[in-house]
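S.K.: File my_file_4.txt below, compact mmCIF, C-alpha atoms and all ligand atoms:
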```txt
# COMPACT_ATOMS: atom_id res chain seq x y z
CA MET A 3 -41.25 5.60 6.44
CA THR A 4 -38.87 2.76 5.58
CA ASN A 5 -40.17 -0.77 5.99
CA PHE A 6 -37.23 -2.32 7.83
CA HIS A 7 -38.93 -5.72 7.81
CA ILE A 8 -38.67 -5.89 4.02
CA LEU A 9 -35.09 -4.62 4.16
CA ALA A 10 -34.19 -7.41 6.62
CA ALA A 11 -34.90 -9.94 3.87
CA MET A 12 -32.28 -8.10 1.78
CA GLY A 13 -29.69 -8.37 4.56
CA TRP A 14 -30.45 -5.27 6.65
CA ARG A 15 -29.65 -5.87 10.33
CA PRO A 16 -28.98 -4.04 13.63
CA PHE A 17 -25.35 -3.47 12.53
CA PHE A 18 -26.64 -1.02 9.87
CA GLN A 19 -29.58 0.31 11.87
CA GLN A 20 -27.14 1.43 14.57
CA GLN A 21 -25.30 3.56 12.03
CA LEU A 22 -28.36 5.80 11.46
CA THR A 23 -28.74 8.99 13.48
CA LEU A 24 -32.15 9.68 15.02
CA GLU A 25 -32.86 12.32 12.36
CA GLU A 26 -31.99 9.89 9.61
CA TRP A 27 -34.49 7.27 10.77
CA ASP A 28 -37.38 9.08 9.12
CA CYS A 29 -35.91 10.79 6.12
CA VAL A 30 -33.22 8.63 4.52
CA ILE A 31 -33.70 5.76 2.09
CA PRO A 32 -31.43 2.76 2.74
CA VAL A 33 -30.66 0.82 -0.44
CA ARG A 34 -28.49 -2.18 -1.21
CA VAL A 35 -26.28 -2.38 -4.31
CA THR A 36 -27.27 -5.47 -6.32
CA GLU A 37 -25.41 -4.76 -9.56
CA GLN A 38 -22.54 -2.59 -10.55
CA HIS A 39 -21.76 -1.11 -13.94
CA LYS A 40 -19.27 1.53 -14.91
CA SER A 41 -21.54 4.56 -14.76
CA GLN A 42 -24.48 3.25 -12.77
CA LEU A 43 -25.49 0.96 -9.96
CA THR A 44 -28.62 -1.10 -9.58
CA VAL A 45 -29.96 -0.71 -6.08
CA VAL A 46 -32.93 -2.09 -4.20
CA SER A 47 -34.93 -0.27 -1.52
CA ASP A 48 -37.82 -1.52 0.62
CA SER A 49 -40.19 -0.82 -2.27
CA HIS A 50 -38.41 -1.09 -5.62
CA THR A 51 -35.31 -1.65 -7.72
CA PHE A 52 -33.81 1.27 -9.62
CA SER A 53 -30.65 2.64 -11.25
CA LEU A 54 -28.42 5.07 -9.46
CA PRO A 55 -25.88 7.07 -11.46
CA VAL A 56 -22.30 6.86 -10.18
CA VAL A 57 -21.29 10.36 -9.00
CA PRO A 58 -17.84 11.66 -7.97
CA SER A 59 -18.87 12.05 -4.32
CA MET A 60 -19.26 8.27 -4.02
CA PRO A 61 -16.39 6.27 -2.53
CA ALA A 62 -15.43 2.97 -4.21
CA LEU A 63 -18.59 0.88 -3.98
CA VAL A 64 -19.27 -2.77 -4.59
CA VAL A 65 -22.16 -5.19 -4.86
CA GLY A 66 -23.57 -5.87 -1.40
CA ASP A 67 -22.96 -2.35 -0.08
CA TRP A 68 -25.67 -0.51 1.84
CA LEU A 69 -26.08 3.18 0.96
CA LEU A 70 -28.19 5.98 2.33
CA LEU A 71 -30.03 8.19 -0.18
CA ASN A 72 -32.07 11.31 0.41
CA GLU A 73 -35.67 11.59 -0.71
CA GLN A 74 -34.52 12.82 -4.14
CA HIS A 75 -32.54 9.57 -4.48
CA GLN A 76 -29.24 11.40 -4.15
CA PHE A 77 -26.31 9.59 -2.56
CA LEU A 78 -25.66 10.60 1.06
CA ARG A 79 -23.24 8.06 2.41
CA LEU A 80 -21.98 4.50 2.44
CA LEU A 81 -22.72 2.48 5.57
CA GLU A 82 -19.84 0.69 7.23
CA ARG A 83 -19.40 -2.90 5.97
CA TYR A 84 -19.27 -5.88 8.29
CA SER A 85 -17.24 -7.84 5.78
CA CYS A 86 -15.56 -7.10 2.49
CA PHE A 87 -13.91 -9.28 -0.15
CA LYS A 88 -11.12 -7.71 -2.12
CA ARG A 89 -8.17 -8.83 -4.17
CA LYS A 90 -5.33 -7.27 -6.04
CA SER A 91 -6.53 -6.28 -9.49
CA ALA A 92 -5.87 -8.73 -12.27
CA GLY A 93 -2.98 -8.08 -14.63
CA THR A 94 -0.36 -5.47 -13.90
CA GLY A 95 -2.68 -2.98 -12.15
CA ASN A 96 -1.50 -2.05 -8.68
CA ASP A 97 -4.92 -1.52 -7.26
CA TRP A 98 -7.47 -3.12 -5.07
CA GLN A 99 -10.51 -4.62 -6.62
CA LEU A 100 -13.52 -4.91 -4.37
CA ILE A 101 -15.42 -8.13 -4.99
CA ALA A 102 -18.37 -8.10 -2.57
CA ALA A 103 -19.42 -6.48 0.69
CA ASN A 104 -21.52 -7.52 3.66
CA VAL A 105 -21.23 -11.22 2.94
CA ASP A 106 -21.95 -13.89 5.57
CA THR A 107 -20.77 -17.04 3.85
CA ALA A 108 -18.40 -17.92 1.01
CA PHE A 109 -19.19 -21.02 -1.01
CA ILE A 110 -15.81 -22.17 -2.30
CA VAL A 111 -17.01 -24.14 -5.31
CA CYS A 112 -14.84 -26.93 -6.78
CA SER A 113 -15.73 -29.84 -8.99
CA MET A 114 -14.96 -33.44 -8.11
CA ASN A 115 -12.84 -34.15 -11.17
CA GLU A 116 -9.34 -33.47 -12.45
CA ASP A 117 -9.88 -29.72 -11.87
CA PHE A 118 -9.92 -30.32 -8.11
CA ASN A 119 -7.04 -28.40 -6.56
CA PRO A 120 -6.46 -28.23 -2.78
CA SER A 121 -3.98 -25.35 -3.14
CA ARG A 122 -6.63 -23.28 -4.85
CA ILE A 123 -9.09 -24.08 -2.06
CA GLU A 124 -6.48 -22.87 0.45
CA ARG A 125 -6.10 -19.63 -1.51
CA TYR A 126 -9.87 -19.01 -1.33
CA LEU A 127 -9.87 -19.97 2.36
CA ALA A 128 -7.22 -17.31 3.06
CA LEU A 129 -9.35 -14.77 1.19
CA ALA A 130 -12.47 -15.74 3.17
CA GLU A 131 -10.56 -15.56 6.46
CA ALA A 132 -9.22 -12.10 5.54
CA ALA A 133 -12.75 -10.96 4.68
CA GLU A 134 -14.02 -12.41 7.98
CA VAL A 135 -16.55 -14.57 6.16
CA GLU A 136 -17.50 -18.16 7.02
CA PRO A 137 -16.17 -20.57 4.35
CA VAL A 138 -18.03 -23.64 3.09
CA VAL A 139 -16.43 -25.89 0.46
CA VAL A 140 -19.07 -26.93 -2.08
CA LEU A 141 -18.03 -29.91 -4.21
CA THR A 142 -20.00 -30.17 -7.45
CA LYS A 143 -20.54 -32.91 -10.05
CA ALA A 144 -21.38 -35.57 -7.45
CA ASP A 145 -23.35 -37.33 -10.21
CA LEU A 146 -20.13 -37.85 -12.18
CA THR A 147 -18.10 -39.52 -9.45
CA GLU A 148 -18.39 -42.97 -7.91
CA GLN A 149 -16.81 -41.96 -4.64
CA PRO A 150 -17.68 -38.47 -3.44
CA GLU A 151 -16.35 -39.46 0.04
CA GLN A 152 -12.86 -39.58 -1.39
CA TRP A 153 -13.07 -35.93 -2.44
CA ILE A 154 -14.66 -34.91 0.85
CA ASP A 155 -11.79 -36.59 2.73
CA ASN A 156 -9.37 -34.78 0.49
CA VAL A 157 -10.89 -31.43 1.52
CA ARG A 158 -10.96 -32.46 5.18
CA SER A 159 -7.25 -33.24 4.96
CA ILE A 160 -6.75 -29.49 4.50
CA ASN A 161 -8.53 -28.88 7.78
CA LYS A 162 -10.66 -31.37 9.74
CA GLN A 163 -13.05 -28.64 10.81
CA LEU A 164 -13.86 -27.44 7.30
CA GLN A 165 -17.52 -27.49 6.31
CA VAL A 166 -17.88 -29.54 3.12
CA VAL A 167 -20.94 -30.34 1.03
CA ALA A 168 -20.95 -32.58 -2.06
CA LEU A 169 -23.80 -32.15 -4.52
CA ASN A 170 -25.01 -32.27 -8.08
CA ALA A 171 -25.41 -28.62 -9.06
CA LEU A 172 -27.87 -29.58 -11.81
CA ASP A 173 -30.28 -31.06 -9.27
CA SER A 174 -32.83 -28.61 -7.88
CA SER A 175 -32.76 -30.40 -4.50
CA CYS A 176 -29.21 -29.11 -3.90
CA ALA A 177 -30.80 -26.11 -2.14
CA ASP A 178 -31.65 -28.50 0.74
CA ALA A 179 -28.00 -29.41 1.22
CA LEU A 180 -27.13 -25.73 1.50
CA SER A 181 -30.13 -24.57 3.53
CA ASP A 182 -28.02 -24.00 6.67
CA TRP A 183 -26.38 -21.03 4.97
CA LEU A 184 -29.23 -19.78 2.81
CA LYS A 185 -31.32 -18.24 5.56
CA PRO A 186 -33.50 -15.17 5.01
CA GLY A 187 -31.31 -12.08 4.96
CA SER A 188 -28.00 -13.91 4.74
CA THR A 189 -25.66 -13.20 1.85
CA VAL A 190 -23.56 -15.88 0.19
CA VAL A 191 -20.80 -15.29 -2.33
CA MET A 192 -19.68 -18.05 -4.69
CA LEU A 193 -15.96 -18.28 -5.40
CA GLY A 194 -14.36 -20.74 -7.77
CA SER A 195 -12.66 -21.22 -11.11
CA SER A 196 -14.43 -21.20 -14.39
CA GLY A 197 -16.48 -24.28 -15.18
CA VAL A 198 -16.86 -25.62 -11.66
CA GLY A 199 -20.61 -25.01 -11.72
CA LYS A 200 -21.24 -21.67 -9.99
CA SER A 201 -23.84 -20.46 -12.49
CA THR A 202 -25.42 -23.92 -12.62
CA LEU A 203 -25.70 -23.93 -8.84
CA ALA A 204 -27.11 -20.40 -8.78
CA ASN A 205 -29.74 -21.39 -11.35
CA SER A 206 -30.73 -24.47 -9.35
CA LEU A 207 -31.01 -22.38 -6.20
CA LEU A 208 -33.12 -19.83 -8.05
CA GLY A 209 -35.47 -22.72 -8.72
CA GLU A 210 -35.93 -22.12 -12.41
CA ALA A 211 -33.84 -22.77 -15.49
CA ARG A 212 -33.13 -19.09 -15.63
CA GLN A 213 -29.87 -18.00 -17.13
CA LEU A 214 -28.20 -15.52 -14.84
CA THR A 215 -28.31 -12.06 -16.32
CA GLN A 216 -25.01 -11.19 -17.91
CA GLY A 217 -23.36 -7.97 -16.79
CA ILE A 218 -24.19 -5.05 -19.03
CA ARG A 219 -21.37 -4.21 -21.38
CA GLU A 220 -20.15 -0.67 -21.45
CA ASP A 221 -17.28 0.76 -23.47
CA ASP A 222 -14.32 1.74 -21.39
CA ALA A 223 -11.97 4.59 -22.30
CA LYS A 224 -9.84 2.34 -24.52
CA GLY A 225 -12.87 1.21 -26.51
CA ARG A 226 -12.71 -2.26 -25.01
CA HIS A 227 -15.62 -3.90 -23.30
CA THR A 228 -15.67 -4.27 -19.56
CA THR A 229 -18.09 -6.47 -17.74
CA THR A 230 -18.32 -6.98 -14.03
CA GLY A 231 -21.22 -9.42 -14.31
CA ARG A 232 -21.62 -9.50 -10.57
CA SER A 233 -25.19 -9.55 -9.34
CA LEU A 234 -26.83 -10.18 -6.02
CA PHE A 235 -29.91 -12.40 -6.42
CA PRO A 236 -32.60 -12.94 -3.81
CA LEU A 237 -33.44 -16.65 -3.55
CA PRO A 238 -36.99 -17.99 -3.28
CA ASN A 239 -36.37 -19.58 0.14
CA GLY A 240 -34.61 -16.54 1.56
CA GLY A 241 -30.97 -15.66 1.36
CA LEU A 242 -29.12 -13.79 -1.35
CA ILE A 243 -26.51 -15.18 -3.66
CA LEU A 244 -23.69 -13.49 -5.50
CA ASP A 245 -22.05 -15.10 -8.51
CA THR A 246 -18.55 -13.91 -9.33
CA PRO A 247 -17.37 -14.73 -12.81
CA GLY A 248 -13.83 -13.92 -13.87
CA MET A 249 -12.10 -15.02 -10.70
CA ARG A 250 -9.46 -16.92 -12.60
CA GLU A 251 -6.60 -14.75 -11.50
CA LEU A 252 -6.93 -14.37 -7.79
CA GLN A 253 -3.94 -12.60 -6.32
CA LEU A 254 -3.77 -12.09 -2.58
CA ALA A 255 -2.71 -8.78 -1.02
CA ASP A 256 -3.00 -7.39 2.52
CA CYS A 257 -4.11 -10.89 3.42
CA HIS A 258 -1.35 -11.89 5.86
CA ASP A 259 -3.67 -12.54 8.80
CA GLY A 260 -6.11 -14.40 6.56
CA ILE A 261 -3.35 -16.72 5.33
CA VAL A 262 -2.13 -17.34 8.88
CA SER A 263 -5.71 -18.21 9.98
CA ALA A 264 -6.22 -20.50 6.99
CA PHE A 265 -3.01 -22.32 7.95
CA ALA A 266 -3.54 -22.27 11.71
CA ASP A 267 -2.08 -25.81 12.00
CA ILE A 268 1.28 -24.67 10.60
CA GLN A 269 1.19 -21.56 12.74
CA GLN A 270 0.61 -23.74 15.78
CA LEU A 271 3.52 -26.01 14.86
CA ALA A 272 5.72 -22.94 14.33
CA GLU A 273 5.23 -21.97 17.95
CA GLY A 274 7.38 -24.99 18.77
CA CYS A 275 10.28 -23.86 16.55
CA ARG A 276 13.50 -22.96 18.39
CA PHE A 277 13.82 -19.57 16.68
CA ALA A 278 10.97 -17.09 16.79
CA ASP A 279 11.77 -15.96 13.24
CA CYS A 280 12.18 -19.52 11.89
CA GLN A 281 11.54 -19.72 8.14
CA HIS A 282 11.00 -23.50 8.38
CA HIS A 283 13.68 -24.31 5.79
CA SER A 284 16.60 -26.06 7.46
CA GLU A 285 16.96 -24.25 10.77
CA PRO A 286 17.84 -26.45 13.76
CA GLY A 287 14.92 -27.16 16.06
CA CYS A 288 12.26 -26.44 13.42
CA ALA A 289 9.01 -28.03 14.57
CA VAL A 290 7.43 -27.58 11.13
CA GLN A 291 10.21 -29.54 9.40
CA ALA A 292 9.93 -32.17 12.14
CA ALA A 293 6.20 -32.59 11.47
CA LEU A 294 6.99 -32.86 7.76
CA ALA A 295 9.59 -35.59 8.41
CA GLN A 296 7.09 -37.53 10.52
CA GLY A 297 4.45 -37.33 7.81
CA GLU A 298 2.15 -35.20 9.97
CA LEU A 299 2.22 -32.28 7.57
CA ASP A 300 1.62 -32.43 3.83
CA PRO A 301 4.64 -30.93 1.97
CA ARG A 302 2.24 -29.50 -0.62
CA ARG A 303 0.43 -27.59 2.11
CA LEU A 304 3.63 -26.13 3.56
CA ALA A 305 4.85 -25.13 0.08
CA ASN A 306 1.51 -23.45 -0.65
CA TYR A 307 1.58 -21.63 2.70
CA LYS A 308 5.02 -20.20 1.93
CA LYS A 309 4.02 -19.35 -1.63
CA LEU A 310 0.88 -17.47 -0.55
CA LEU A 311 2.75 -15.55 2.16
CA LYS A 312 5.41 -14.52 -0.34
CA GLU A 313 2.87 -13.49 -2.96
CA ASP A 314 0.94 -11.52 -0.34
CA GLU A 315 4.08 -9.79 0.88
CA LEU A 316 5.07 -8.73 -2.63
CA ASN A 317 1.59 -7.51 -3.56
CA SER A 318 1.10 -5.71 -0.25
CA ALA A 319 4.38 -3.84 -0.72
CA THR A 320 3.36 -2.78 -4.25
CA LEU A 321 -0.02 -1.59 -2.99
CA ALA A 322 1.55 0.32 -0.09
CA GLU A 323 3.87 2.07 -2.54
CA LYS A 324 0.94 2.96 -4.77
CA ARG A 325 -1.03 4.33 -1.80
CA ALA A 326 1.92 6.47 -0.71
CA LYS A 327 2.26 7.86 -4.25
CA ASP A 328 -1.47 8.61 -4.42
CA LYS A 329 -1.28 10.39 -1.09
CA ALA A 330 1.71 12.48 -2.18
CA PHE A 331 -0.10 13.37 -5.40
CA THR A 332 -3.26 14.44 -3.53
CA ARG A 333 -1.12 16.58 -1.21
CA PHE A 334 0.55 18.18 -4.23
CA VAL A 335 -2.83 18.91 -5.91
CA ASN A 336 -4.24 20.39 -2.70
CA TYR A 337 -1.14 22.54 -2.25
CA SER A 338 -1.25 23.76 -5.87
CA GLN A 339 -4.92 24.64 -5.57
CA LYS A 340 -4.28 26.56 -2.35
CA GLU A 341 -1.38 28.46 -3.91
CA SER A 342 -3.38 29.30 -7.02
CA ARG A 343 -6.27 30.61 -4.87
CA LYS A 344 -3.78 32.76 -2.92
CA PHE A 345 -2.44 34.10 -6.19
CA LYS A 346 -5.89 34.89 -7.58
CA GLY A 347 -6.82 36.55 -4.27
CA ARG A 348 -4.09 39.15 -4.67
N1 LIG B 401 -23.11 -33.36 -14.39
C1 LIG B 401 -22.90 -32.18 -13.79
N2 LIG B 401 -22.57 -31.13 -14.55
C2 LIG B 401 -22.36 -29.95 -13.94
C3 LIG B 401 -22.49 -29.77 -12.53
N3 LIG B 401 -22.21 -28.50 -12.21
C4 LIG B 401 -21.92 -27.88 -13.39
N4 LIG B 401 -22.02 -28.73 -14.42
C5 LIG B 401 -21.74 -28.45 -15.85
O1 LIG B 401 -20.44 -27.87 -15.93
C6 LIG B 401 -20.38 -26.84 -16.92
C7 LIG B 401 -19.87 -25.56 -16.32
O2 LIG B 401 -20.79 -25.07 -15.36
P1 LIG B 401 -21.02 -23.51 -15.06
O3 LIG B 401 -22.12 -23.40 -14.08
O4 LIG B 401 -21.17 -22.73 -16.31
O5 LIG B 401 -19.63 -23.11 -14.39
P2 LIG B 401 -19.22 -21.72 -13.73
O6 LIG B 401 -18.49 -22.03 -12.48
O7 LIG B 401 -20.39 -20.83 -13.60
O8 LIG B 401 -18.21 -21.13 -14.79
P3 LIG B 401 -17.90 -19.55 -15.11
O9 LIG B 401 -19.22 -18.90 -15.39
O10 LIG B 401 -17.01 -19.62 -16.32
O11 LIG B 401 -17.19 -19.01 -13.91
C8 LIG B 401 -21.79 -26.75 -17.49
O12 LIG B 401 -21.84 -27.50 -18.66
C9 LIG B 401 -22.67 -27.39 -16.42
O13 LIG B 401 -23.82 -27.96 -16.94
C10 LIG B 401 -22.86 -30.94 -11.75
O14 LIG B 401 -22.96 -30.92 -10.51
N5 LIG B 401 -23.05 -32.11 -12.44
ZN ZN B 402 10.42 -23.67 11.88
```
In structure tokens, how does this file's structure come out?
Ligand SMILES: Nc1nc2c(ncn2[C@@H]2O[C@H](COP(=O)(O)OP(=O)(O)OP(=O)(O)O)[C@@H](O)[C@H]2O)c(=O)[nH]1
Ligand SMILES: [Zn+2]

M.R.:
Amino acid sequence: MTNFHILAAMGWRPFFQQQLTLEEWDCVIPVRVTEQHKSQLTVVSDSHTFSLPVVPSMPALVVGDWLLLNEQHQFLRLLERYSCFKRKSAGTGNDWQLIAANVDTAFIVCSMNEDFNPSRIERYLALAEAAEVEPVVVLTKADLTEQPEQWIDNVRSINKQLQVVALNALDSSCADALSDWLKPGSTVVMLGSSGVGKSTLANSLLGEARQLTQGIREDDAKGRHTTTGRSLFPLPNGGLILDTPGMRELQLADCHDGIVSAFADIQQLAEGCRFADCQHHSEPGCAVQAALAQGELDPRRLANYKKLLKEDELNSATLAEKRAKDKAFTRFVNYSQKESRKFKGR
């Protein structure tokens, strides 16, 4: 009999419980994916942590997923996710890359130095909005700046309602500043460029100078090394944290609604434009341009909004094309198999 109380600390909640049939209540083993490698997953159940081989019957899985296994530890099915982070794959690949599932909060980590970049924060905000995850901007390296308020104001200029915390990631007391989001059973993902202090913060939250385990390296088909390095860590005071290295190239796709939500102020202004399809360039009666002229809207923010929408549109079209091709290919394979069976049956 599963101990759902223990699972709750790992993020199990009524949303998942409701997905079990009455028969399943007694005989399935719910597990959460805490690490992902090419040919195996690390999963945790109510009693232990173990490896699960990746088998063809599995759909695309990601850290944070909840799975049902049978008593022989064989994969049965993936439970529906309440949130999911994804991005267009890095490089020229035309595919989705899942980043994390069943996340409650995204810590958008930035350092209070010359690396600070409001446009990058907006990009992460759009991603969090699209994933339906609550964003919190975490400003690190507070010990290296004289005026953290200046940086906080800078973030608030993006959106007055944004939740912002400034801290020294090296200081173990930073867990107190983040305690609102690190509640038992809640899952937090850390997003941010390299060097902003994600691993440092994770180590401080873990409460020991423990280096986060590096992802296991496995040879891919081309003999190169691939590392996901993504792991879900339970924290001593409750909550689970997910570090995501390698987020340098974050391309948005299928994120239109997320971008619109992250730029709700511009969207609201646009409702006052004379033309419903106003592009906010030089059309007469453009309320967005008017706000710009009056200094009520930051030109950087408008430029970034347009840039992200354009990028998203391009990437979404490429992905849609890829999906259509995949579908046509599957149809062709199915048809060929059917024909060949007919032929053999003669
Ligand atoms: N003084 C100070 N140094 C910090 C702080 N946060 C991070 N650092 C330092 O900044 C450097 C980079 O920190 P990391 O934690 O490795 O950055 P990261 O975001 O995990 O980087 P990737 O793993 O490449 O994604 C390290 O030398 C840290 O010690 C902080 O709040 N204050
Ligand atoms: Zn307009």

S.K.: For Ala305 of chain A, work out the shell of residues within 12 Å, counting only C-alpha atoms and skipping chain neighbours fewer than 5 positions away, then give it as a PyMOL selection string.

M.R.: chain A and resi 121+124+265+268+281-283+290-291+294+299-300+310-312

S.K.: What are the closest atom pairs, with distances in Å to one decimal, for each residue of chain A lying within 8 Å of ligand ZN 402 (chain B), using all atoms listed in the file, rows by chain and rising residue number, as JSON lines?

M.R.:
```
{"residue": "A:Leu271", "atom": "CA", "partner": "B:ZN402", "partner_atom": "ZN", "distance": 7.9}
{"residue": "A:Ala272", "atom": "CA", "partner": "B:ZN402", "partner_atom": "ZN", "distance": 5.4}
{"residue": "A:Gly274", "atom": "CA", "partner": "B:ZN402", "partner_atom": "ZN", "distance": 7.6}
{"residue": "A:Cys275", "atom": "CA", "partner": "B:ZN402", "partner_atom": "ZN", "distance": 4.7}
{"residue": "A:Arg276", "atom": "CA", "partner": "B:ZN402", "partner_atom": "ZN", "distance": 7.2}
{"residue": "A:Phe277", "atom": "CA", "partner": "B:ZN402", "partner_atom": "ZN", "distance": 7.2}
{"residue": "A:Asp279", "atom": "CA", "partner": "B:ZN402", "partner_atom": "ZN", "distance": 7.9}
{"residue": "A:Cys280", "atom": "CA", "partner": "B:ZN402", "partner_atom": "ZN", "distance": 4.5}
{"residue": "A:Gln281", "atom": "CA", "partner": "B:ZN402", "partner_atom": "ZN", "distance": 5.6}
{"residue": "A:His282", "atom": "CA", "partner": "B:ZN402", "partner_atom": "ZN", "distance": 3.6}
{"residue": "A:His283", "atom": "CA", "partner": "B:ZN402", "partner_atom": "ZN", "distance": 6.9}
{"residue": "A:Ser284", "atom": "CA", "partner": "B:ZN402", "partner_atom": "ZN", "distance": 8.0}
{"residue": "A:Glu285", "atom": "CA", "partner": "B:ZN402", "partner_atom": "ZN", "distance": 6.7}
{"residue": "A:Gly287", "atom": "CA", "partner": "B:ZN402", "partner_atom": "ZN", "distance": 7.1}
{"residue": "A:Cys288", "atom": "CA", "partner": "B:ZN402", "partner_atom": "ZN", "distance": 3.7}
{"residue": "A:Ala289", "atom": "CA", "partner": "B:ZN402", "partner_atom": "ZN", "distance": 5.3}
{"residue": "A:Val290", "atom": "CA", "partner": "B:ZN402", "partner_atom": "ZN", "distance": 5.0}
{"residue": "A:Gln291", "atom": "CA", "partner": "B:ZN402", "partner_atom": "ZN", "distance": 6.4}
```

S.K.: Quick one: write out the picked residues with C-alpha atoms as a PDB file, keeping the file's coordinate frame?

M.R.:
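Saved file part25.pdb follows:
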```pdb
ATOM      1  CA  LEU A 271       3.520 -26.010  14.860  1.00  0.00           C
ATOM      2  CA  ALA A 272       5.720 -22.940  14.330  1.00  0.00           C
ATOM      3  CA  GLY A 274       7.380 -24.990  18.770  1.00  0.00           C
ATOM      4  CA  CYS A 275      10.280 -23.860  16.550  1.00  0.00           C
ATOM      5  CA  ARG A 276      13.500 -22.960  18.390  1.00  0.00           C
ATOM      6  CA  PHE A 277      13.820 -19.570  16.680  1.00  0.00           C
ATOM      7  CA  ASP A 279      11.770 -15.960  13.240  1.00  0.00           C
ATOM      8  CA  CYS A 280      12.180 -19.520  11.890  1.00  0.00           C
ATOM      9  CA  GLN A 281      11.540 -19.720   8.140  1.00  0.00           C
ATOM     10  CA  HIS A 282      11.000 -23.500   8.380  1.00  0.00           C
ATOM     11  CA  HIS A 283      13.680 -24.310   5.790  1.00  0.00           C
ATOM     12  CA  SER A 284      16.600 -26.060   7.460  1.00  0.00           C
ATOM     13  CA  GLU A 285      16.960 -24.250  10.770  1.00  0.00           C
ATOM     14  CA  GLY A 287      14.920 -27.160  16.060  1.00  0.00           C
ATOM     15  CA  CYS A 288      12.260 -26.440  13.420  1.00  0.00           C
ATOM     16  CA  ALA A 289       9.010 -28.030  14.570  1.00  0.00           C
ATOM     17  CA  VAL A 290       7.430 -27.580  11.130  1.00  0.00           C
ATOM     18  CA  GLN A 291      10.210 -29.540   9.400  1.00  0.00           C
TER      19      GLN A 291
END
```

S.K.: Enumerate residues in contact with ligand LIG 401 (chain B): an atom-to-atom distance of at most 9 Å, counting all atoms listed in the file. Format the result as a ChimeraX atom specification.

M.R.: /A:111-114,141-146,168-173,192-205,245-250

S.K.: Using all atoms listed in the file, which residue out of A:His39, A:Arg89, A:His258, A:Arg83 lies closest to Ala103 of chain A?

M.R.: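 Looking only at the distances to Ala103 of chain A, the closest residue turns out to be A:Arg83.
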
S.K.: Calculated over all atoms listed in the file, which of the candidates A:Thr4, A:Ala11, A:Ala319, A:Ser47 has the smallest distance to Asp28 of chain A?

M.R.: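 Of A:Thr4, A:Ala11, A:Ala319, A:Ser47, the one nearest Asp28 of chain A is A:Thr4, counting all atoms listed in the file.
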
S.K.: Nearest to Leu100 of chain A: which of A:Leu70, A:Gln38, A:Ser59, A:Ser338 is it, counting only C-alpha atoms?

M.R.: A:Gln38

S.K.: Skip Asp182 of chain A itself and residues of its chain fewer than 2 positions away, then list as a list in words all residues within 12 Å of it, counting all atoms listed in the file.

M.R.: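 Surrounding residues, per the criterion: Asp106, Thr107, Val138, Gln165, Val167, Cys176, Ala177, Asp178, Ala179, Leu180, Leu184, Lys185, Pro186, Ser188, Val190, Asn239, Gly240 and Gly241 of chain A.
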
S.K.: Determine the nearest neighbour of Ser233 of chain A from the options A:Gln21, A:Ser175, A:Asn5, A:Thr44, counting all atoms listed in the file.

M.R.: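 Closest residue, counting all atoms listed in the file: A:Thr44.
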
S.K.: With N, CA and C atoms as the goal, would you fill in the gaps in segment 33-43 of chain A and present it as an mmCIF file, in the coordinates of the input?

M.R.:
```cif
data_model
loop_
_atom_site.group_PDB
_atom_site.id
_atom_site.type_symbol
_atom_site.label_atom_id
_atom_site.label_comp_id
_atom_site.auth_asym_id
_atom_site.auth_seq_id
_atom_site.Cartn_x
_atom_site.Cartn_y
_atom_site.Cartn_z
ATOM 1 N N VAL A 33 -30.590 1.698 0.738
ATOM 2 C CA VAL A 33 -30.660 0.820 -0.440
ATOM 3 C C VAL A 33 -29.442 -0.096 -0.461
ATOM 4 N N ARG A 34 -29.616 -1.262 -1.085
ATOM 5 C CA ARG A 34 -28.490 -2.180 -1.210
ATOM 6 C C ARG A 34 -28.077 -2.282 -2.685
ATOM 7 N N VAL A 35 -26.785 -2.272 -2.935
ATOM 8 C CA VAL A 35 -26.280 -2.380 -4.310
ATOM 9 C C VAL A 35 -26.381 -3.845 -4.744
ATOM 10 N N THR A 36 -27.133 -4.088 -5.833
ATOM 11 C CA THR A 36 -27.270 -5.470 -6.320
ATOM 12 C C THR A 36 -26.527 -5.704 -7.630
ATOM 13 N N GLU A 37 -26.188 -4.628 -8.331
ATOM 14 C CA GLU A 37 -25.410 -4.760 -9.560
ATOM 15 C C GLU A 37 -24.566 -3.515 -9.717
ATOM 16 N N GLN A 38 -23.450 -3.702 -10.409
ATOM 17 C CA GLN A 38 -22.540 -2.590 -10.550
ATOM 18 C C GLN A 38 -22.073 -2.495 -11.992
ATOM 19 N N HIS A 39 -22.275 -1.351 -12.597
ATOM 20 C CA HIS A 39 -21.760 -1.110 -13.940
ATOM 21 C C HIS A 39 -20.879 0.125 -13.861
ATOM 22 N N LYS A 40 -20.263 0.468 -14.972
ATOM 23 C CA LYS A 40 -19.270 1.530 -14.910
ATOM 24 C C LYS A 40 -19.866 2.864 -14.486
ATOM 25 N N SER A 41 -21.006 3.232 -15.050
ATOM 26 C CA SER A 41 -21.540 4.560 -14.760
ATOM 27 C C SER A 41 -22.820 4.528 -13.938
ATOM 28 N N GLN A 42 -23.270 3.330 -13.589
ATOM 29 C CA GLN A 42 -24.480 3.250 -12.770
ATOM 30 C C GLN A 42 -24.508 1.991 -11.911
ATOM 31 N N LEU A 43 -25.302 2.104 -10.853
ATOM 32 C CA LEU A 43 -25.490 0.960 -9.960
ATOM 33 C C LEU A 43 -26.950 0.560 -10.028
#
```
